[in-house]
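Notes follow once the structure below has been shown.
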Amino acid sequence: MNHPDSTRLNKAISDSGYCSRRQADTLIEQGRVTINGKATSLGDRVMPGDTVEVDGKTVRSNDNLVYIALNKPVGITCTTDQRVEGNVVDFIGHKERIFHVGRLDKPSEGLLLMTNDGDIVNKILRAGNKHEKEYIVKVDRPVTDDFIKKMSGGIPLHELEATTKKCKVERLSRFSFRIILVQGLNRQIRRMCEYLGYEVIELRRERIMNISLGDLPIGEWRDVTKEELNGLKKAVTTSENAPAAKNIEQTRGKRRRD
């Protein structure tokens, strides 16, 4: 029986703001985490007063939680690996150690959430939550009624062995449309368009759940408002018991977010 005061190791690491819970699992599997100087394994638990270290550095509780909305420019890579040129962490240059919530691929721009709250990251990334993400997309061919119908009805992505869920698609102009997704397969929108013979020219994420890009300039970031944060937390309240999705940082391409 687990001690009532103990916490799962991966949760203790994510609560510190070091990384998400799924990323913590990867660190543990790689043998990079210790408790009181001893090697750890998945499922280990931490007691108050225990010293948890990652790569020999102590992980402490982070009471200064940060929630940021960034208008990511094209060319910036969603990774916390600062060895990667143009990584999003160096681009923002925040004093706190923060990481991205989901991904937005390098050729895409728009809303990206950044935080050091590992617990909320884990809840947002869980599968089956139907959390909406809204995009504006420009393509190389006229957007037809048939295109709208097929995009919204579900597209088979054979290389991913998946069919996209039904979604909301609205034509905005001859060459652009709005799409609202509730899933995040690897390059999903681009693959959906490619299946129908279209090429994405521009892709911008406008909204994640209750948080919108608004008039935030490209390359700028702002703190998430108290009202937005309360709405976000309320939306993920039911995420506790949903099956956990793989973290996008630890996958090899099948679940990276568009």
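Residues in the structure tokens are numbered from 1 in each chain, the chains being A, B, ... in the order shown, and ligands are numbered from 1 in the order shown.
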Extract, using only C-alpha atoms, all DNA, RNA and protein residues at most 7 Å from region 189-199 of chain A, discarding same-chain residues fewer than 3 positions from it, and format them as a PDB file with C-alpha atoms, in the first residue's frame.
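Listed below is the output, part-v4.pdb:
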```pdb
ATOM      1  CA  VAL A 139      -3.978  26.385 -49.789  1.00  0.00           C
ATOM      2  CA  ASP A 140      -2.770  26.373 -53.399  1.00  0.00           C
ATOM      3  CA  ARG A 141      -6.126  25.522 -55.036  1.00  0.00           C
ATOM      4  CA  MET A 151     -12.241  17.477 -44.806  1.00  0.00           C
ATOM      5  CA  ILE A 155      -9.748  11.656 -43.942  1.00  0.00           C
ATOM      6  CA  ASP A 258       0.227  20.537 -36.427  1.00  0.00           C
TER       7      ASP A 258
END
```
(request) Please run DSSP on the backbone and report, as a VMD selection string, all residues within region 30-258 of chain A that come out as strand (DSSP E or B). (result) chain A and resid 33 to 35 38 to 39 45 to 46 52 to 54 57 to 58 67 to 72 77 87 99 to 101 109 to 115 133 to 139 156 to 157 162 to 163 168 to 173 176 to 181 200 to 208 211 to 212 221 to 223
(request) Write down as a list of chain:residue names the residues belonging to region 69-107 of chain A that are assigned helix (DSSP H, G or I) by DSSP computed on the backbone. (result)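 Answer for region 69-107 of chain A, restricted to helix (DSSP H, G or I): A:Val88, A:Val89, A:Asp90, A:Phe91, A:Ile92.
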(message) I need the residue nearest Arg32 (chain A) from this list: A:Lys57, A:Lys138, A:Arg45, A:Arg207. Use only C-alpha atoms for the distance.
(response)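 Under the stated criterion, the closest residue is A:Lys57.
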(request) Rounded to one decimal place, report the CA of Gly56 (chain A)-CA of Ile124 (chain A) distance in Å. (result)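 Interatomic distance, CA of Gly56 (chain A) to CA of Ile124 (chain A): 29.2 Å.
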(request) Could you tell me which of A:Thr26, A:Asn10, A:Asn36, A:Gln183 comes closest to Glu134 (chain A) if we count only C-alpha atoms? (result) A:Gln183
(request) Quick one: everything within 10 Å of His131 (chain A), counting only C-alpha atoms, minus sequence neighbours fewer than 4 positions away in the same chain. Send it as a ChimeraX atom specification. (result) /A:124-127,180-183,208-210,235-236
(message) List as a PyMOL selection string the protein and nucleic acid residues near Asn64 (chain A), meaning an atom at most 12 Å away when only C-alpha atoms are counted, but skip any in the same chain fewer than 3 places from it.
(response) chain A and resi 15-17+60-61+67+95-98+115-117
So which residues touch Ala69 (chain A) within 12 Å, counting only C-alpha atoms, skipping near sequence neighbours fewer than 6 positions away, as a short mmCIF file (atom, residue, chain, number, x, y, z; two decimals) with N, CA and C atoms, in the first residue's frame?
```
data_model
loop_
_atom_site.label_atom_id
_atom_site.label_comp_id
_atom_site.auth_asym_id
_atom_site.auth_seq_id
_atom_site.Cartn_x
_atom_site.Cartn_y
_atom_site.Cartn_z
N ILE A 92 11.93 32.80 -26.67
CA ILE A 92 11.20 33.57 -25.67
C ILE A 92 12.15 34.20 -24.65
N ILE A 98 10.55 27.02 -18.82
CA ILE A 98 9.21 26.74 -19.33
C ILE A 98 9.28 25.78 -20.52
N PHE A 99 8.17 25.14 -20.80
CA PHE A 99 8.11 24.22 -21.93
C PHE A 99 6.77 24.36 -22.62
N HIS A 100 6.70 23.88 -23.85
CA HIS A 100 5.50 24.09 -24.67
C HIS A 100 4.44 23.05 -24.39
N VAL A 101 3.19 23.47 -24.58
CA VAL A 101 2.03 22.58 -24.41
C VAL A 101 1.61 22.15 -25.81
N GLY A 110 1.47 30.88 -35.18
CA GLY A 110 0.26 31.07 -34.39
C GLY A 110 0.41 30.72 -32.93
N LEU A 111 -0.73 30.47 -32.29
CA LEU A 111 -0.80 30.33 -30.84
C LEU A 111 -0.08 29.08 -30.33
N LEU A 112 0.81 29.30 -29.37
CA LEU A 112 1.49 28.22 -28.67
C LEU A 112 1.49 28.56 -27.19
N LEU A 113 1.02 27.63 -26.37
CA LEU A 113 1.03 27.85 -24.92
C LEU A 113 2.34 27.33 -24.34
N MET A 114 2.90 28.10 -23.40
CA MET A 114 4.14 27.74 -22.71
C MET A 114 3.90 27.86 -21.21
N THR A 115 4.46 26.94 -20.43
CA THR A 115 4.24 26.96 -18.99
C THR A 115 5.34 26.19 -18.27
N ARG A 205 -2.40 28.81 -36.20
CA ARG A 205 -3.32 28.41 -35.13
C ARG A 205 -3.83 29.66 -34.43
N GLU A 206 -5.17 29.75 -34.35
CA GLU A 206 -5.83 30.93 -33.79
C GLU A 206 -6.26 30.73 -32.35
N ARG A 207 -6.56 29.48 -31.98
CA ARG A 207 -7.15 29.25 -30.65
C ARG A 207 -6.80 27.87 -30.14
N ILE A 208 -6.58 27.78 -28.83
CA ILE A 208 -6.47 26.51 -28.12
C ILE A 208 -7.48 26.55 -26.99
N ASN A 210 -10.04 27.69 -24.72
CA ASN A 210 -10.65 29.00 -24.47
C ASN A 210 -9.67 30.16 -24.65
N ILE A 211 -8.47 29.87 -25.12
CA ILE A 211 -7.45 30.92 -25.26
C ILE A 211 -7.23 31.23 -26.74
N SER A 212 -7.40 32.49 -27.10
CA SER A 212 -7.30 32.91 -28.51
C SER A 212 -6.07 33.79 -28.73
N LEU A 213 -5.63 33.78 -29.98
CA LEU A 213 -4.47 34.59 -30.36
C LEU A 213 -4.80 36.07 -30.30
N GLY A 214 -6.01 36.41 -30.74
CA GLY A 214 -6.40 37.83 -30.73
C GLY A 214 -5.50 38.66 -31.62
N ASP A 215 -5.11 39.86 -31.14
CA ASP A 215 -4.27 40.76 -31.94
C ASP A 215 -2.81 40.71 -31.52
N LEU A 216 -2.40 39.62 -30.87
CA LEU A 216 -1.00 39.47 -30.44
C LEU A 216 -0.11 39.41 -31.68
N PRO A 217 0.88 40.31 -31.80
CA PRO A 217 1.74 40.34 -32.98
C PRO A 217 2.60 39.08 -33.11
N ILE A 218 2.94 38.74 -34.32
CA ILE A 218 3.82 37.58 -34.56
C ILE A 218 5.15 37.79 -33.84
N GLY A 219 5.59 36.76 -33.12
CA GLY A 219 6.86 36.84 -32.40
C GLY A 219 6.75 37.39 -31.00
N GLU A 220 5.56 37.86 -30.61
CA GLU A 220 5.35 38.41 -29.27
C GLU A 220 4.64 37.39 -28.38
N TRP A 221 4.78 37.57 -27.06
CA TRP A 221 4.06 36.71 -26.12
C TRP A 221 3.45 37.56 -25.02
N ARG A 222 2.46 36.98 -24.36
CA ARG A 222 1.81 37.65 -23.24
C ARG A 222 1.49 36.61 -22.17
N ASP A 223 1.29 37.08 -20.95
CA ASP A 223 0.85 36.18 -19.89
C ASP A 223 -0.63 35.85 -20.11
N VAL A 224 -0.98 34.60 -19.87
CA VAL A 224 -2.38 34.19 -19.91
C VAL A 224 -3.12 34.90 -18.79
N THR A 225 -4.29 35.44 -19.07
CA THR A 225 -5.03 36.19 -18.05
C THR A 225 -5.60 35.24 -16.99
N GLU A 228 -8.66 33.54 -18.33
CA GLU A 228 -8.31 32.46 -19.27
C GLU A 228 -7.82 31.23 -18.53
N LEU A 229 -6.97 31.45 -17.53
CA LEU A 229 -6.41 30.34 -16.78
C LEU A 229 -7.50 29.58 -16.03
#
```
